[in-house]
Structures are given as structure tokens and as C-alpha cells.
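Data block for start_14.tsv (TSV, C-alpha atoms):
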chain	number	residue	atom	x	y	z
A	276	MET	CA	-122.02	-110.01	-204.02
A	277	GLU	CA	-119.68	-112.99	-204.12
A	278	GLY	CA	-116.69	-110.73	-203.62
A	279	ASN	CA	-118.29	-109.11	-200.62
A	280	SER	CA	-119.18	-112.44	-199.04
A	281	THR	CA	-115.65	-113.74	-199.58
A	282	ALA	CA	-114.13	-110.63	-198.05
A	283	GLY	CA	-116.40	-110.95	-195.05
A	284	ALA	CA	-115.49	-114.59	-194.54
A	285	PHE	CA	-111.77	-113.85	-194.46
A	286	ALA	CA	-111.83	-110.54	-192.59
A	287	PRO	CA	-108.56	-109.90	-190.68
A	288	ALA	CA	-108.62	-110.78	-187.00
A	289	GLN	CA	-108.84	-107.90	-184.55
A	290	GLN	CA	-105.77	-107.21	-182.46
A	291	PHE	CA	-105.81	-107.10	-178.67
A	292	SER	CA	-106.30	-103.71	-177.14
A	293	VAL	CA	-104.54	-102.49	-174.01
A	294	ALA	CA	-107.64	-103.23	-171.97
A	295	ASP	CA	-107.68	-106.84	-173.23
A	296	LEU	CA	-104.06	-107.32	-172.26
A	297	VAL	CA	-104.72	-105.87	-168.80
A	298	VAL	CA	-107.59	-108.29	-168.26
A	299	VAL	CA	-105.44	-111.26	-169.29
A	300	VAL	CA	-102.56	-110.19	-167.01
A	301	VAL	CA	-104.89	-109.60	-164.05
A	302	TYR	CA	-106.54	-112.99	-164.59
A	303	PHE	CA	-103.26	-114.89	-164.50
A	304	SER	CA	-101.96	-112.76	-161.62
A	305	LEU	CA	-105.02	-113.61	-159.53
A	306	ASN	CA	-104.58	-117.30	-160.33
A	307	VAL	CA	-100.98	-117.13	-159.11
A	308	ALA	CA	-101.92	-115.08	-156.03
A	309	VAL	CA	-104.60	-117.58	-155.01
A	310	GLY	CA	-102.10	-120.44	-155.03
A	311	ILE	CA	-99.09	-118.61	-153.65
A	312	TRP	CA	-98.84	-120.63	-150.41
A	313	ILE	CA	-99.43	-124.03	-152.02
A	314	GLY	CA	-97.29	-123.25	-155.07
A	315	ALA	CA	-94.38	-121.93	-153.03
A	316	SER	CA	-94.57	-124.96	-150.75
A	317	LEU	CA	-94.60	-127.38	-153.71
A	318	PHE	CA	-91.55	-125.68	-155.18
A	319	ALA	CA	-89.63	-125.51	-151.90
A	320	SER	CA	-90.40	-129.15	-151.12
A	321	SER	CA	-88.40	-130.30	-154.14
A	322	GLU	CA	-85.61	-127.69	-154.24
A	323	GLY	CA	-83.37	-128.95	-151.46
A	324	SER	CA	-79.77	-128.00	-150.80
A	325	GLY	CA	-78.63	-131.24	-152.42
A	326	LEU	CA	-80.51	-130.36	-155.60
A	327	PHE	CA	-79.15	-126.81	-155.51
A	328	ILE	CA	-75.55	-128.07	-155.44
A	329	GLY	CA	-76.29	-130.98	-157.78
A	330	LEU	CA	-77.83	-128.84	-160.51
A	331	ALA	CA	-74.99	-126.30	-160.39
A	332	GLY	CA	-72.35	-129.05	-160.38
A	333	THR	CA	-73.98	-131.01	-163.19
A	334	GLY	CA	-74.31	-127.81	-165.19
A	335	ALA	CA	-70.59	-127.21	-164.70
A	336	ALA	CA	-69.81	-130.76	-165.81
A	337	GLY	CA	-72.15	-131.27	-168.74
A	338	GLY	CA	-74.23	-128.23	-169.64
A	339	ILE	CA	-77.93	-127.45	-169.64
A	340	ALA	CA	-79.47	-130.86	-170.41
A	341	VAL	CA	-80.05	-131.49	-166.70
A	342	THR	CA	-82.77	-128.84	-166.98
A	343	GLY	CA	-85.00	-131.64	-168.20
A	344	PHE	CA	-85.35	-132.89	-164.64
A	345	GLU	CA	-86.84	-129.53	-163.64
A	346	TRP	CA	-88.94	-128.76	-166.70
A	347	ASN	CA	-90.35	-132.28	-166.76
A	348	ALA	CA	-92.08	-131.41	-163.49
A	349	THR	CA	-94.19	-128.67	-165.05
A	350	TYR	CA	-96.77	-130.91	-166.68
A	351	ALA	CA	-96.54	-133.45	-163.85
A	352	LEU	CA	-97.62	-130.68	-161.46
A	353	LEU	CA	-100.55	-129.82	-163.72
A	354	SER	CA	-101.51	-133.51	-163.80
A	355	LEU	CA	-101.43	-133.54	-160.02
A	356	ALA	CA	-104.00	-130.74	-159.75
A	357	TRP	CA	-106.27	-131.64	-162.67
A	358	VAL	CA	-106.16	-135.46	-162.53
A	359	PHE	CA	-104.87	-136.88	-159.25
A	360	VAL	CA	-106.10	-134.46	-156.58
A	361	PRO	CA	-109.76	-134.71	-157.69
A	362	VAL	CA	-109.47	-138.49	-157.42
A	363	TYR	CA	-107.87	-138.28	-153.98
A	364	ILE	CA	-110.58	-135.92	-152.74
A	365	SER	CA	-113.51	-137.81	-154.24
A	366	SER	CA	-112.37	-141.21	-152.95
A	367	GLY	CA	-112.74	-140.10	-149.33
A	368	ARG	CA	-111.21	-143.27	-147.90
A	369	ARG	CA	-107.98	-145.25	-147.68
A	370	PHE	CA	-107.22	-148.40	-149.62
A	371	GLY	CA	-105.23	-151.52	-148.90
A	372	GLY	CA	-105.82	-152.11	-145.20
A	373	GLU	CA	-103.50	-151.54	-142.24
A	374	ARG	CA	-100.54	-153.65	-143.43
A	375	ILE	CA	-100.03	-151.85	-146.73
A	376	ARG	CA	-100.16	-148.48	-144.97
A	377	MET	CA	-97.55	-149.55	-142.42
A	378	TYR	CA	-95.35	-150.96	-145.18
A	379	LEU	CA	-95.51	-147.81	-147.28
A	380	SER	CA	-94.93	-145.60	-144.23
A	381	ALA	CA	-91.83	-147.55	-143.23
A	382	LEU	CA	-90.54	-147.60	-146.81
A	383	SER	CA	-91.09	-143.85	-147.24
A	384	LEU	CA	-89.33	-143.14	-143.94
A	385	LEU	CA	-86.27	-145.20	-144.89
A	386	LEU	CA	-86.09	-143.66	-148.36
A	387	SER	CA	-86.34	-140.18	-146.89
A	388	ILE	CA	-83.53	-140.83	-144.41
A	389	PHE	CA	-81.10	-142.37	-146.88
A	390	THR	CA	-81.91	-140.41	-150.06
A	391	LYS	CA	-83.15	-137.01	-148.89
A	392	ILE	CA	-82.41	-136.03	-145.30
A	393	SER	CA	-78.81	-137.28	-145.22
A	394	THR	CA	-77.96	-135.67	-148.58
A	395	ASP	CA	-79.56	-132.34	-147.77
A	396	LEU	CA	-78.01	-132.22	-144.30
A	397	TYR	CA	-74.54	-132.85	-145.66
A	398	SER	CA	-74.78	-130.46	-148.59
A	399	GLY	CA	-76.27	-127.69	-146.46
A	400	ALA	CA	-73.68	-128.12	-143.70
A	401	LEU	CA	-70.90	-128.24	-146.31
A	402	PHE	CA	-71.99	-124.90	-147.70
A	403	VAL	CA	-72.01	-123.35	-144.24
A	404	GLN	CA	-68.56	-124.80	-143.52
A	405	VAL	CA	-67.07	-123.45	-146.76
A	406	CYS	CA	-68.60	-119.99	-146.37
A	407	LEU	CA	-68.48	-119.38	-142.61
A	408	GLY	CA	-65.94	-121.91	-141.38
A	409	TRP	CA	-68.36	-123.54	-138.95
A	410	ASP	CA	-67.88	-127.12	-137.86
A	411	LEU	CA	-69.70	-129.59	-140.11
A	412	TYR	CA	-71.38	-131.44	-137.24
A	413	LEU	CA	-72.35	-128.25	-135.43
A	414	SER	CA	-74.07	-126.95	-138.56
A	415	THR	CA	-75.90	-130.26	-138.96
A	416	VAL	CA	-77.16	-130.30	-135.37
A	417	LEU	CA	-78.30	-126.66	-135.51
A	418	MET	CA	-80.35	-127.26	-138.66
A	419	LEU	CA	-81.94	-130.36	-137.13
A	420	VAL	CA	-82.86	-128.51	-133.94
A	421	VAL	CA	-84.36	-125.49	-135.71
A	422	THR	CA	-86.34	-127.67	-138.07
A	423	GLY	CA	-87.63	-129.94	-135.33
A	424	LEU	CA	-88.77	-127.03	-133.15
A	425	TYR	CA	-90.97	-125.24	-135.65
A	426	THR	CA	-92.24	-128.41	-137.33
A	427	ILE	CA	-93.36	-130.07	-134.10
A	428	ALA	CA	-94.77	-126.84	-132.68
A	429	GLY	CA	-96.64	-125.64	-135.77
A	430	GLY	CA	-97.35	-128.77	-137.79
A	431	LEU	CA	-98.09	-128.71	-141.51
A	432	ALA	CA	-99.36	-125.11	-141.42
A	433	ALA	CA	-96.03	-123.88	-140.06
A	434	VAL	CA	-94.17	-125.89	-142.68
A	435	ILE	CA	-96.22	-124.44	-145.56
A	436	TYR	CA	-95.86	-120.84	-144.36
A	437	THR	CA	-92.12	-121.22	-143.86
A	438	ASP	CA	-91.92	-122.87	-147.29
A	439	ALA	CA	-93.28	-119.67	-148.80
A	440	LEU	CA	-90.66	-117.61	-146.98
A	441	GLN	CA	-87.89	-120.01	-147.93
A	442	THR	CA	-88.97	-119.93	-151.58
A	443	LEU	CA	-88.57	-116.15	-151.53
A	444	ILE	CA	-85.14	-116.46	-149.88
A	445	MET	CA	-83.84	-119.15	-152.22
A	446	VAL	CA	-85.07	-117.44	-155.39
A	447	LEU	CA	-83.66	-114.05	-154.38
A	448	GLY	CA	-80.37	-115.61	-153.27
A	449	ALA	CA	-80.04	-117.55	-156.51
A	450	ILE	CA	-80.86	-114.42	-158.54
A	451	VAL	CA	-78.09	-112.52	-156.75
A	452	LEU	CA	-75.67	-115.32	-157.65
A	453	ALA	CA	-76.87	-115.45	-161.26
A	454	VAL	CA	-76.58	-111.68	-161.78
A	455	LYS	CA	-73.07	-111.64	-160.33
A	456	ALA	CA	-72.05	-114.64	-162.43
A	457	PHE	CA	-73.32	-113.19	-165.71
A	458	ASN	CA	-71.70	-109.84	-164.92
A	459	GLU	CA	-68.37	-111.59	-164.41
A	460	ILE	CA	-68.54	-113.42	-167.72
A	461	GLY	CA	-69.87	-110.51	-169.77
A	462	GLY	CA	-73.46	-111.64	-170.27
A	463	TYR	CA	-75.25	-114.58	-171.80
A	464	PRO	CA	-73.80	-114.17	-175.36
A	465	ASN	CA	-70.35	-115.06	-174.01
A	466	LEU	CA	-71.47	-118.13	-172.05
A	467	GLU	CA	-71.36	-120.78	-174.76
A	468	GLU	CA	-68.02	-119.74	-176.21
A	469	ALA	CA	-66.36	-119.37	-172.81
A	470	TYR	CA	-67.78	-122.66	-171.50
A	471	LEU	CA	-66.57	-124.69	-174.48
A	472	LYS	CA	-63.05	-123.34	-173.91
A	473	ALA	CA	-63.04	-123.89	-170.13
A	474	MET	CA	-60.56	-126.54	-169.02
A	475	PRO	CA	-59.95	-127.50	-165.38
A	476	SER	CA	-56.40	-127.05	-164.13
A	477	LYS	CA	-56.42	-130.57	-162.69
A	478	ILE	CA	-57.35	-133.40	-165.03
A	479	VAL	CA	-57.46	-137.18	-165.06
A	480	PRO	CA	-54.48	-138.51	-167.08
A	481	ASN	CA	-55.32	-140.35	-170.30
A	482	ALA	CA	-59.00	-139.41	-170.03
A	483	THR	CA	-61.39	-137.04	-171.77
A	484	CYS	CA	-63.94	-136.55	-169.01
A	485	HIS	CA	-62.52	-133.09	-168.28
A	486	LEU	CA	-63.33	-131.80	-171.77
A	487	PRO	CA	-66.47	-129.68	-172.17
A	488	ARG	CA	-69.20	-131.45	-174.11
A	489	ALA	CA	-69.81	-130.18	-177.62
A	490	ASP	CA	-73.56	-130.45	-176.99
A	491	ALA	CA	-73.40	-128.56	-173.69
A	492	MET	CA	-75.99	-126.01	-174.83
A	493	HIS	CA	-78.44	-128.66	-176.13
A	494	LEU	CA	-81.49	-129.62	-174.08
A	495	PHE	CA	-82.30	-132.61	-176.31
A	496	ARG	CA	-79.26	-134.83	-176.81
A	497	ASP	CA	-78.51	-137.77	-179.06
A	498	PRO	CA	-80.30	-140.96	-177.95
A	499	ILE	CA	-77.14	-143.04	-178.57
A	500	SER	CA	-74.13	-140.92	-177.68
A	501	GLY	CA	-75.74	-138.38	-175.35
A	502	ASP	CA	-75.13	-138.54	-171.62
A	503	LEU	CA	-78.77	-137.56	-171.05
A	504	PRO	CA	-80.53	-138.91	-174.18
A	505	TRP	CA	-83.72	-137.12	-175.13
A	506	THR	CA	-85.67	-140.39	-175.25
A	507	GLY	CA	-85.01	-141.15	-171.60
A	508	MET	CA	-85.45	-137.54	-170.51
A	509	THR	CA	-88.79	-137.34	-172.32
A	510	PHE	CA	-90.40	-140.73	-171.77
A	511	GLY	CA	-88.53	-142.50	-168.98
A	512	LEU	CA	-88.25	-139.44	-166.76
A	513	SER	CA	-91.97	-138.73	-167.15
A	514	ILE	CA	-92.76	-141.97	-165.33
A	515	MET	CA	-90.58	-141.02	-162.37
A	516	ALA	CA	-91.92	-137.46	-162.41
A	517	THR	CA	-95.48	-138.76	-162.22
A	518	TRP	CA	-94.59	-140.96	-159.26
A	519	TYR	CA	-92.83	-138.16	-157.39
A	520	TRP	CA	-95.14	-135.22	-158.11
A	521	CYS	CA	-98.45	-137.05	-158.16
A	522	THR	CA	-98.14	-139.83	-155.56
A	523	ASP	CA	-95.36	-138.92	-153.11
A	524	GLN	CA	-96.83	-138.06	-149.71
A	525	VAL	CA	-94.59	-135.02	-149.16
A	526	ILE	CA	-95.88	-133.40	-152.36
A	527	VAL	CA	-99.49	-134.57	-152.35
A	528	GLN	CA	-100.18	-133.39	-148.81
A	529	ARG	CA	-99.43	-129.82	-149.91
A	530	SER	CA	-102.14	-129.93	-152.56
A	531	LEU	CA	-104.59	-131.72	-150.29
A	532	SER	CA	-104.15	-128.98	-147.67
A	533	ALA	CA	-105.51	-126.36	-150.11
A	534	LYS	CA	-108.80	-124.68	-149.22
A	535	SER	CA	-110.39	-125.83	-152.46
A	536	LEU	CA	-109.63	-127.54	-155.73
A	537	SER	CA	-109.22	-124.12	-157.37
A	538	HIS	CA	-106.52	-123.23	-154.84
A	539	ALA	CA	-104.74	-126.53	-155.52
A	540	LYS	CA	-104.80	-125.85	-159.28
A	541	ALA	CA	-103.50	-122.31	-158.80
A	542	GLY	CA	-100.70	-123.66	-156.60
A	543	SER	CA	-99.66	-126.14	-159.29
A	544	ILE	CA	-99.61	-123.37	-161.90
A	545	LEU	CA	-97.35	-121.20	-159.74
A	546	ALA	CA	-95.05	-124.13	-158.93
A	547	SER	CA	-94.81	-124.94	-162.66
A	548	TYR	CA	-93.66	-121.40	-163.39
A	549	LEU	CA	-91.12	-121.54	-160.57
A	550	LYS	CA	-89.70	-124.84	-161.87
A	551	MET	CA	-88.64	-123.03	-165.04
A	552	LEU	CA	-86.23	-120.80	-163.10
A	553	PRO	CA	-83.41	-123.24	-162.13
A	554	LEU	CA	-81.93	-123.22	-165.65
A	555	PHE	CA	-81.19	-119.51	-165.37
A	556	ILE	CA	-80.45	-119.07	-161.67
A	557	ILE	CA	-78.74	-122.37	-160.75
A	558	ILE	CA	-77.53	-124.36	-163.76
A	559	MET	CA	-76.07	-121.54	-165.84
A	560	PRO	CA	-74.23	-120.01	-162.84
A	561	GLY	CA	-72.76	-123.48	-162.31
A	562	MET	CA	-71.54	-123.48	-165.91
A	563	ILE	CA	-70.06	-120.03	-165.40
A	564	SER	CA	-68.20	-121.22	-162.30
A	565	ARG	CA	-66.34	-123.70	-164.53
A	566	VAL	CA	-65.12	-120.76	-166.59
A	567	LEU	CA	-64.23	-118.41	-163.74
A	568	TYR	CA	-62.77	-120.86	-161.23
A	569	PRO	CA	-61.25	-123.85	-163.07
A	570	GLY	CA	-58.69	-124.70	-160.38
A	571	LYS	CA	-60.48	-124.25	-157.05
A	572	ALA	CA	-60.56	-127.91	-156.05
A	573	LEU	CA	-61.94	-129.26	-152.78
A	574	PRO	CA	-60.62	-132.34	-150.94
A	575	TYR	CA	-63.04	-135.03	-152.02
A	576	GLY	CA	-60.76	-138.00	-151.47
A	577	ARG	CA	-59.02	-140.05	-154.14
A	578	ARG	CA	-61.97	-140.46	-156.45
A	579	ALA	CA	-60.93	-138.87	-159.74
A	580	ASP	CA	-63.76	-139.35	-162.15
A	581	ARG	CA	-66.21	-137.11	-163.88
A	582	VAL	CA	-68.01	-136.33	-160.66
A	583	GLY	CA	-64.72	-135.16	-159.16
A	584	ILE	CA	-64.11	-132.84	-162.10
A	585	CYS	CA	-67.66	-131.57	-161.70
A	586	LEU	CA	-67.17	-130.80	-158.02
A	587	GLU	CA	-63.80	-129.27	-158.69
A	588	THR	CA	-65.30	-126.65	-160.96
A	589	SER	CA	-68.57	-126.18	-159.07
A	590	VAL	CA	-69.89	-123.24	-157.13
A	591	LEU	CA	-68.20	-124.45	-153.95
A	592	GLY	CA	-64.82	-123.69	-155.44
A	593	ALA	CA	-66.01	-120.29	-156.59
A	594	LEU	CA	-66.76	-119.30	-153.02
A	595	ARG	CA	-63.14	-119.50	-151.94
A	596	GLU	CA	-61.86	-116.33	-153.51
A	597	GLY	CA	-62.87	-113.38	-155.64
A	598	GLU	CA	-63.29	-109.68	-155.09
A	599	GLY	CA	-66.43	-108.30	-153.48
A	600	GLN	CA	-68.09	-111.68	-153.00
A	601	GLU	CA	-69.17	-111.26	-149.37
A	602	ARG	CA	-72.76	-110.37	-150.20
A	603	THR	CA	-73.07	-113.19	-152.69
A	604	CYS	CA	-71.54	-115.63	-150.23
A	605	MET	CA	-73.92	-114.59	-147.45
A	606	SER	CA	-76.92	-114.85	-149.75
A	607	LEU	CA	-75.83	-118.38	-150.65
A	608	VAL	CA	-75.46	-119.30	-146.98
A	609	LEU	CA	-78.96	-118.07	-146.21
A	610	THR	CA	-80.32	-119.79	-149.31
A	611	LEU	CA	-78.71	-123.15	-148.60
A	612	CYS	CA	-79.60	-123.10	-144.89
A	613	SER	CA	-83.16	-122.32	-145.85
A	614	LEU	CA	-83.20	-125.12	-148.40
A	615	CYS	CA	-81.80	-127.66	-145.98
A	616	ILE	CA	-84.18	-126.69	-143.16
A	617	ASN	CA	-87.07	-126.83	-145.61
A	618	GLN	CA	-86.21	-130.34	-146.78
A	619	LEU	CA	-85.96	-131.59	-143.21
A	620	SER	CA	-89.32	-130.08	-142.30
A	621	CYS	CA	-90.90	-131.73	-145.35
A	622	THR	CA	-89.85	-135.20	-144.23
A	623	LEU	CA	-90.29	-134.94	-140.45
C-alpha cells encoding of this file:
Amino acid sequence: MEGNSTAGAFAPAQQFSVADLVVVVVYFSLNVAVGIWIGASLFASSEGSGLFIGLAGTGAAGGIAVTGFEWNATYALLSLAWVFVPVYISSGRRFGGERIRMYLSALSLLLSIFTKISTDLYSGALFVQVCLGWDLYLSTVLMLVVTGLYTIAGGLAAVIYTDALQTLIMVLGAIVLAVKAFNEIGGYPNLEEAYLKAMPSKIVPNATCHLPRADAMHLFRDPISGDLPWTGMTFGLSIMATWYWCTDQVIVQRSLSAKSLSHAKAGSILASYLKMLPLFIIIMPGMISRVLYPGKALPYGRRADRVGICLETSVLGALREGEGQERTCMSLVLTLCSLCINQLSCTL
């Protein structure tokens, strides 16, 4: 009797059947489908042209640790939907009076102009100039005009719907780039070895900033000697991520525009999944560009520091030559134009 009771208590767990797996997949698919507009808009609102170039360039300069800035957003987005949005909805009123609202509005506008709009306009126009040869100022004006027209005419609804389209464009364009990059280098297994041997053809005399980092393939780096120490990326960055993803007006208004709290939660789940992609479709292609195009420098003035080495070996240099790159180049142009227009619409 005792043996039977013991055997019953520790009976092996039943494995999932095919039907169980189908139910689980359908459940998560429906959650993603419900939040597709909000999730795509949340993702597109943060992935500007400046970030696209910055992630690829930083990957070329220092490896994959910059992924922390993207992956840190995953749980901040979940906090937005499960903690902050319910508070915003239940409060039902504004706090602080008229003066604090005017102050925050003016501060947000200035920060957007000097830290977001100007950067995204320049980086987007630079990509168009490198790929198509268009004038830098003409590209800037065209993006401003297009963005202003559909944002003023359609309001937030137009911005959210175009965000969804732009998310599709930017993800597909980045995937095309990533596939081409990995094909050129012979697949992921060759990435680490080739990257650690990649040296730019132009270096800073008596300096070591051009050398690939030994910890290039480490997400968590030494808290003392690391350029992106894991302590700061884990704890310090979480504070900034909470501010940006949970309190910034550009982000919060997307979640507040959802039909219900369930839609807002589904949107945050989808955006969290999408934020895992940049490592594979932006950062690693940037690392590969350092291997494939070590000497394609661009005229960035006399500044010869680590940032210069990073830009020298970035994706911009890779666009200048190479066989059969027309499709990849055009996909990048569409992607970066979409990113830049999206960022402008988010802040107008």
C-alpha cells in the first residue's frame, strides 16, 4: 500500500499533446493580433533613423552590449501596460495646475527638437544622400513636408496606422540587410572570429581605440573595465527606461489610445517581442560591416576618436560599393525614410 501511494504521489508529468500546443500558439497569436496597431506604433515610435544608424555603428565599434538598451525596454513596456496605464486611466484628471503643464510641454518640445527631430532628420537625409545622391537639404525638406501633411490631416489615428506600416517596412528592410550580411560573412558561426580580426585601414596613431574589444560578444561586461558595465546597464538604465517608456508623452499616448486595457497590454507584449529583434537585424549587421568594409571612410571632419572609427566602419561605408547591392540599398533607403518620417510624426 505504501509503495502504491508513493508511486502515485510522484507520478511522471504528462507531456503536452499537439492539441495543447495549438491552443497555446493560438492564444498568444490572438494576444499579438489584438495589439498589433498599438504594439507596432510603440515599436516604431522608438526606432528612429538615428537609432538605426547608432545601433549599427555602435555594434561595429564595440559589439553586442548595446543590445541592453533595446532589451531593457521589454519589461519597461510590460510595466507600462500593467502598472502605469491603469493608474493613468483610473485617475481621470490632470495634476499640477496650468503652470506645470505649460512647463512640461515647453520642456518636452525643446528636448524633442534638439535630441530627436534634428538627429533623425540628419541621419535620414544622410542615408538618402549616400544611397541616391540627393541633396541633404532637399531630403530634409521633403521628409518634413510629407510628415506634416499626413500628421496634421489625420491626427493621432493617421500616425498610429502609418506606424504599423512603417514597422513592417523597417523590419523587412532590416531583415534583407541582415540576410545579405550573414551570407557575405558565411553565417553566424564565423561572426565572432572574423569580427575580432577586423582592423580598420585608417587608425589613430599611438591609440588602441581601433582594436576590436575582446568582450565584443558579451552582453554583460565587467563593471570596472567594461565600456558598458553590466551594473549600469541593469540598474541605471532601468531608471531611464522607466521614464521613457512609462511617462514620456509620445509613448504613453499610444497606449492610452487603445480601445481597452486588454488592447494596451497586448500592444505592449507585441512591442516587447519586436524590441528583441535589433540585435539580429541591426547590431550584428553593423558588426559584419566592420569585417567586410574596413576602409570605406566618410568625411566626418577632423575628429579622429572612437566615434570616428565607428562611423568609418559602419553601414554607411558598406553602401558605397559591392556587387549586387542595389536591392539592399533601396530597402535601406525606404527603411530609413520611413523611420525618419515616423519619428517626426511622433513629435509633431
Please build the interface table for region 470-535 of chain A against region 355-360 of chain A with a cut-off of 10 Å, listing for each qualifying residue the nearest atom pair and the distance in Å to one decimal; count all atoms listed in the file, order rows by chain and increasing number, and write it as a Markdown table.
| residue | atom | partner | partner_atom | distance |
| --- | --- | --- | --- | --- |
| A:Thr517 | CA | A:Leu355 | CA | 8.2 |
| A:Trp520 | CA | A:Leu355 | CA | 6.8 |
| A:Cys521 | CA | A:Leu355 | CA | 5.0 |
| A:Thr522 | CA | A:Phe359 | CA | 8.2 |
| A:Ile526 | CA | A:Leu355 | CA | 9.5 |
| A:Val527 | CA | A:Val360 | CA | 7.8 |
| A:Gln528 | CA | A:Val360 | CA | 9.8 |
| A:Ser530 | CA | A:Val360 | CA | 7.2 |
| A:Leu531 | CA | A:Val360 | CA | 7.0 |
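Compared by their closest atoms to Lys391 (chain A), and using only C-alpha atoms, the residues A:Val421, A:Val525, A:Leu330, A:Leu486 rank with A:Val525 nearest.
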Write out as JSON lines a residue-level contact list of region 401-458 of chain A versus region 559-562 of chain A with cut-off 12 Å: for each qualifying residue the closest pair of atoms and the distance in Å to one decimal, counting only C-alpha atoms, rows sorted by chain and residue number upward.
{"residue": "A:Ala449", "atom": "CA", "partner": "A:Pro560", "partner_atom": "CA", "distance": 8.9}
{"residue": "A:Ile450", "atom": "CA", "partner": "A:Pro560", "partner_atom": "CA", "distance": 9.7}
{"residue": "A:Val451", "atom": "CA", "partner": "A:Pro560", "partner_atom": "CA", "distance": 10.4}
{"residue": "A:Leu452", "atom": "CA", "partner": "A:Pro560", "partner_atom": "CA", "distance": 7.1}
{"residue": "A:Ala453", "atom": "CA", "partner": "A:Pro560", "partner_atom": "CA", "distance": 5.5}
{"residue": "A:Val454", "atom": "CA", "partner": "A:Pro560", "partner_atom": "CA", "distance": 8.7}
{"residue": "A:Lys455", "atom": "CA", "partner": "A:Pro560", "partner_atom": "CA", "distance": 8.8}
{"residue": "A:Ala456", "atom": "CA", "partner": "A:Pro560", "partner_atom": "CA", "distance": 5.8}
{"residue": "A:Phe457", "atom": "CA", "partner": "A:Pro560", "partner_atom": "CA", "distance": 7.5}
{"residue": "A:Asn458", "atom": "CA", "partner": "A:Pro560", "partner_atom": "CA", "distance": 10.7}
Original post:
Could you work out how far CA of Ile557 (chain A) lies from CA of Gly329 (chain A), giving the answer in Å with one decimal?
Top reply: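 Atom-to-atom, CA of Gly329 (chain A) and CA of Ile557 (chain A) are spaced 9.4 Å apart.
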Subject >> All residues 9 Å or closer to region 500-512 of chain A, all atoms listed in the file, same chain fewer than 3 positions away omitted, as a PyMOL selection string >> reply: chain A and resi 337+340-341+343-344+347+490+494-497+515-517
Original post:
In Å to one decimal, how far is CA of Val566 (chain A) from CA of Leu466 (chain A)?
Top reply: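 These two atoms are separated by 8.8 Å.
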Box for region 435-442 of chain A - axis-aligned, 5 Å on each of the six sides, all listed atoms - centre and size in Å to one decimal, as JSON.
{"center_x": -92.1, "center_y": -121.0, "center_z": -147.7, "size_x": 18.3, "size_y": 16.8, "size_z": 17.7}
Subject >> Residue with smallest distance to Gly399 (chain A) - pool A:Lys550, A:Thr342, A:Ser365, A:Phe327, counting only C-alpha atoms >> reply: A:Phe327
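Excluding Ala400 (chain A) and any residue on its chain fewer than 5 positions from it, the residues at most 8 Å away by all atoms listed in the file are Leu411, Tyr412, Ser414, Thr415 and Cys612 of chain A.
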**OP:** Between A:Asp438, A:Glu468, A:Glu373, A:Glu345, single out the one closest to Ile313 (chain A), counting all atoms listed in the file.
**Re:** A:Asp438
**OP:** Quick one: pull the distance between CA of Thr422 (chain A) and CA of Tyr397 (chain A), Å, one decimal.
**Re:**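 CA of Thr422 (chain A) sits 15.0 Å away from CA of Tyr397 (chain A).
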**OP:** Go through A:Ile339, A:Ser380, A:Gly542, A:Ile311 and flag the residue nearest Met492 (chain A), using only C-alpha atoms for the distances.
**Re:**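 Result for the nearest residue to Met492 (chain A): A:Ile339.
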**OP:** Pick out the residues sitting within 10 Å of Trp346 (chain A), and hand them over as an MDAnalysis selection string; count only C-alpha atoms, and ignore anything fewer than 3 positions along from it in its own chain.
**Re:** chainID A and resid 341:343 349:351 547:554
Would you save the residues of that selection, restricted to C-alpha atoms, as a PDB file, keeping the file's coordinate frame?
ATOM      1  CA  VAL A 341     -80.050-131.490-166.700  1.00  0.00           C
ATOM      2  CA  THR A 342     -82.770-128.840-166.980  1.00  0.00           C
ATOM      3  CA  GLY A 343     -85.000-131.640-168.200  1.00  0.00           C
ATOM      4  CA  THR A 349     -94.190-128.670-165.050  1.00  0.00           C
ATOM      5  CA  TYR A 350     -96.770-130.910-166.680  1.00  0.00           C
ATOM      6  CA  ALA A 351     -96.540-133.450-163.850  1.00  0.00           C
ATOM      7  CA  SER A 547     -94.810-124.940-162.660  1.00  0.00           C
ATOM      8  CA  TYR A 548     -93.660-121.400-163.390  1.00  0.00           C
ATOM      9  CA  LEU A 549     -91.120-121.540-160.570  1.00  0.00           C
ATOM     10  CA  LYS A 550     -89.700-124.840-161.870  1.00  0.00           C
ATOM     11  CA  MET A 551     -88.640-123.030-165.040  1.00  0.00           C
ATOM     12  CA  LEU A 552     -86.230-120.800-163.100  1.00  0.00           C
ATOM     13  CA  PRO A 553     -83.410-123.240-162.130  1.00  0.00           C
ATOM     14  CA  LEU A 554     -81.930-123.220-165.650  1.00  0.00           C
TER      15      LEU A 554
END
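Nearest residue to Ala491 (chain A), choosing from A:Ala539, A:Ala335, A:Val446, A:Ala294 and counting all atoms listed in the file: A:Ala335.
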